[in-house]
Amino acid sequence: MALKRRNKVDASFNMSSMTDFVFQILIFFILASAVVQPVAIKINLPQSQAQTAAKPLARVVIDKNLHYYVGFGKEKEHEIPFGELEPWLQQQSHQTPDMYVALYGDADVPLSEVVKVLSIANTNKFKLVIATQPLQDK
């Protein structure tokens with residue numbers, strides 16, 4: 001006497017629950033990224049017609065209150081006194097000899113402050129680029 005099973009086992013995998021989960025995660029990250037405020041130093045860059053494609057590694061930021069901030073690679077900028085700027089750049093240069101230094105200066109910063117940083121770069125033979133924003137058509 002042969003017995004037959006009433007229930008057959010289905011070995012297929014249903015992807016609908018997985019796609020629902022992926023869409024819920026996607027919606028969560030979209031909403032979370034809209035809420036997060038980036039912590040950045042507010043500077044108003046001067047405008048320029050020519051843009052450079054150099055990839056700077058070290059960043060020097062001068063805000064409108066003449067506070068100096070430095071950052072290297074992907075690290076966040078931190079405030080530094082002007083007297084410690086040159087030793088910091090020299091230390092970074094020893095770690096990465098072919099580094100570029102990007103100078104982000106607010107449009108309201110006096111030229112004398114920019115010249116101080118340019119002088120440090122010239123003395124130590126650093127490759128320096130000045131960050132600008134693209135020229136706006138009026």
# chains A, B, ... in the order shown; residues from 1 in each chain; ligands from 1
$ residues_around --residues "range 97-101 of chain A" --least-positions-apart "6" --cutoff "6 Å" --atoms "only C-alpha atoms" --output "MDAnalysis selection string"
chainID A and resid 56:59 127:128
$ write_last_selection --atoms "C-alpha atoms" --output "compact mmCIF listing (two decimals), in the first residue's frame"
# COMPACT_ATOMS: atom_id res chain seq x y z
CA PRO A 56 44.83 68.69 -1.67
CA LEU A 57 45.67 66.61 1.34
CA ALA A 58 46.25 69.34 3.92
CA ARG A 59 43.66 72.08 4.38
CA LYS A 127 52.61 73.10 -3.24
CA LEU A 128 49.75 75.45 -2.39
$ select_by_dssp --residues "chain A" --states "helix (DSSP H, G or I)" --output "MDAnalysis selection string"
chainID A and resid 16:35 82:95 111:124
$ closest_residue --among "A:Pro134, A:Gln24, A:Phe126, A:Val70" --to "His94 in chain A" --atoms "only C-alpha atoms"
A:Phe126
$ closest_residue --among "A:Ile30, A:Val115, A:Ala131, A:Ala121" --to "Gln90 in chain A" --atoms "only C-alpha atoms"
A:Ala121
$ atom_distance --atom1 "CA of Phe28 in chain A" --atom2 "CA of Glu75 in chain A"
26.5 Å
$ select_by_dssp --residues "range 8-124 of chain A" --states "strand (DSSP E or B)" --output "MDAnalysis selection string"
chainID A and resid 47:48 58:62 68:72 78:80 100:105
$ atom_distance --atom1 "CA of Val36 in chain A" --atom2 "CA of Ala102 in chain A"
26.6 Å
$ closest_residue --among "A:Gln95, A:Thr19, A:Glu86, A:Asp108" --to "Ile120 in chain A" --atoms "only C-alpha atoms"
A:Glu86
$ atom_distance --atom1 "CA of Glu79 in chain A" --atom2 "CA of Leu135 in chain A"
28.8 Å
$ residues_around --residues "Pro81 in chain A" --least-positions-apart "3" --cutoff "10 Å" --atoms "only C-alpha atoms" --output "PyMOL selection string"
chain A and resi 67-70+84-85
$ write_last_selection --atoms "C-alpha atoms" --output "short mmCIF file (atom, residue, chain, number, x, y, z; two decimals), in the first residue's frame"
data_model
loop_
_atom_site.label_atom_id
_atom_site.label_comp_id
_atom_site.auth_asym_id
_atom_site.auth_seq_id
_atom_site.Cartn_x
_atom_site.Cartn_y
_atom_site.Cartn_z
CA HIS A 67 40.64 81.89 13.24
CA TYR A 68 42.85 79.25 11.65
CA TYR A 69 41.64 75.66 11.18
CA VAL A 70 43.63 72.74 9.78
CA GLU A 84 51.55 76.31 15.35
CA LEU A 85 50.54 76.35 11.67
#
$ closest_residue --among "A:Asp106, A:Gly73, A:Asn122, A:Asp63" --to "Gln92 in chain A" --atoms "only C-alpha atoms"
A:Gly73
